[in-house]
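**Q** Handing you this structure, nothing more for now.
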Amino acid sequence: MKTVTPILYVKTGCPWCEEVLEYFDSHKLPYEKVTVTGNPEAMQAMVDLSGQSKAPTMDWDGEVLADFGVDELVPFLRKHDVV
C-alpha cells in the first residue's frame, strides 16, 4: 500500500477541524494542514476541490471527504486500511 499524506483544509476556531487534527496527531498520521481562514486562495482551492465551503475538507490522493467529523473520518480511514 502506498503512503498517502492527505491535505486537510481547516478553518480557525472550527471545533470539527480541531477534533480531526487531534485524531490525526494522536494516531501519528501524516497530513498537510491548509488553513483557509483569511486565505482566499486556499479557500478557493477547497471550494474548487469539493464544491462547497465547509470545513474540514480532506483531499486523500484525489478522493474528497468534505464537511466531516471523526465519526465520518474513522470509516473512511478503515476503508483505506489506515486504522
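Ordered as shown in the C-alpha cells, chains take letters A, B, and onward, while each chain numbers its residues from 1 and ligands are numbered from 1 in the order shown.
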For segment 17-22 of chain A, work out the shell of residues within 8 Å, counting only C-alpha atoms and skipping chain neighbours fewer than 4 positions away, then give it as a ChimeraX atom specification.

**A** /A:10-11,13,26,55-56,69-70,73

**Q** Extract, using only C-alpha atoms, all DNA, RNA and protein residues at most 10 Å from Asp59 of chain A, discarding same-chain residues fewer than 5 positions from it, and format them as a PyMOL selection string.

**A** chain A and resi 4-9+31-32+46+49-50+64-66

**Q** Rounded to one decimal place, report the atom CA of Phe68 of chain A-atom CA of Asp81 of chain A distance in Å.

**A**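 Separation of atom CA of Phe68 of chain A and atom CA of Asp81 of chain A: 18.7 Å.
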
**Q** For a quick check of understanding, using only C-alpha atoms, which of A:Lys79, A:Tyr23, A:Asp61, A:Thr12 has the smallest distance to Thr35 of chain A?

**A**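 For Thr35 of chain A, the nearest of the given residues is A:Thr12.
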
**Q** Hey, which of A:Val83, A:Val47, A:Met58, A:Ala42 ends up closest to His27 of chain A? Count only C-alpha atoms.

**A** A:Val83
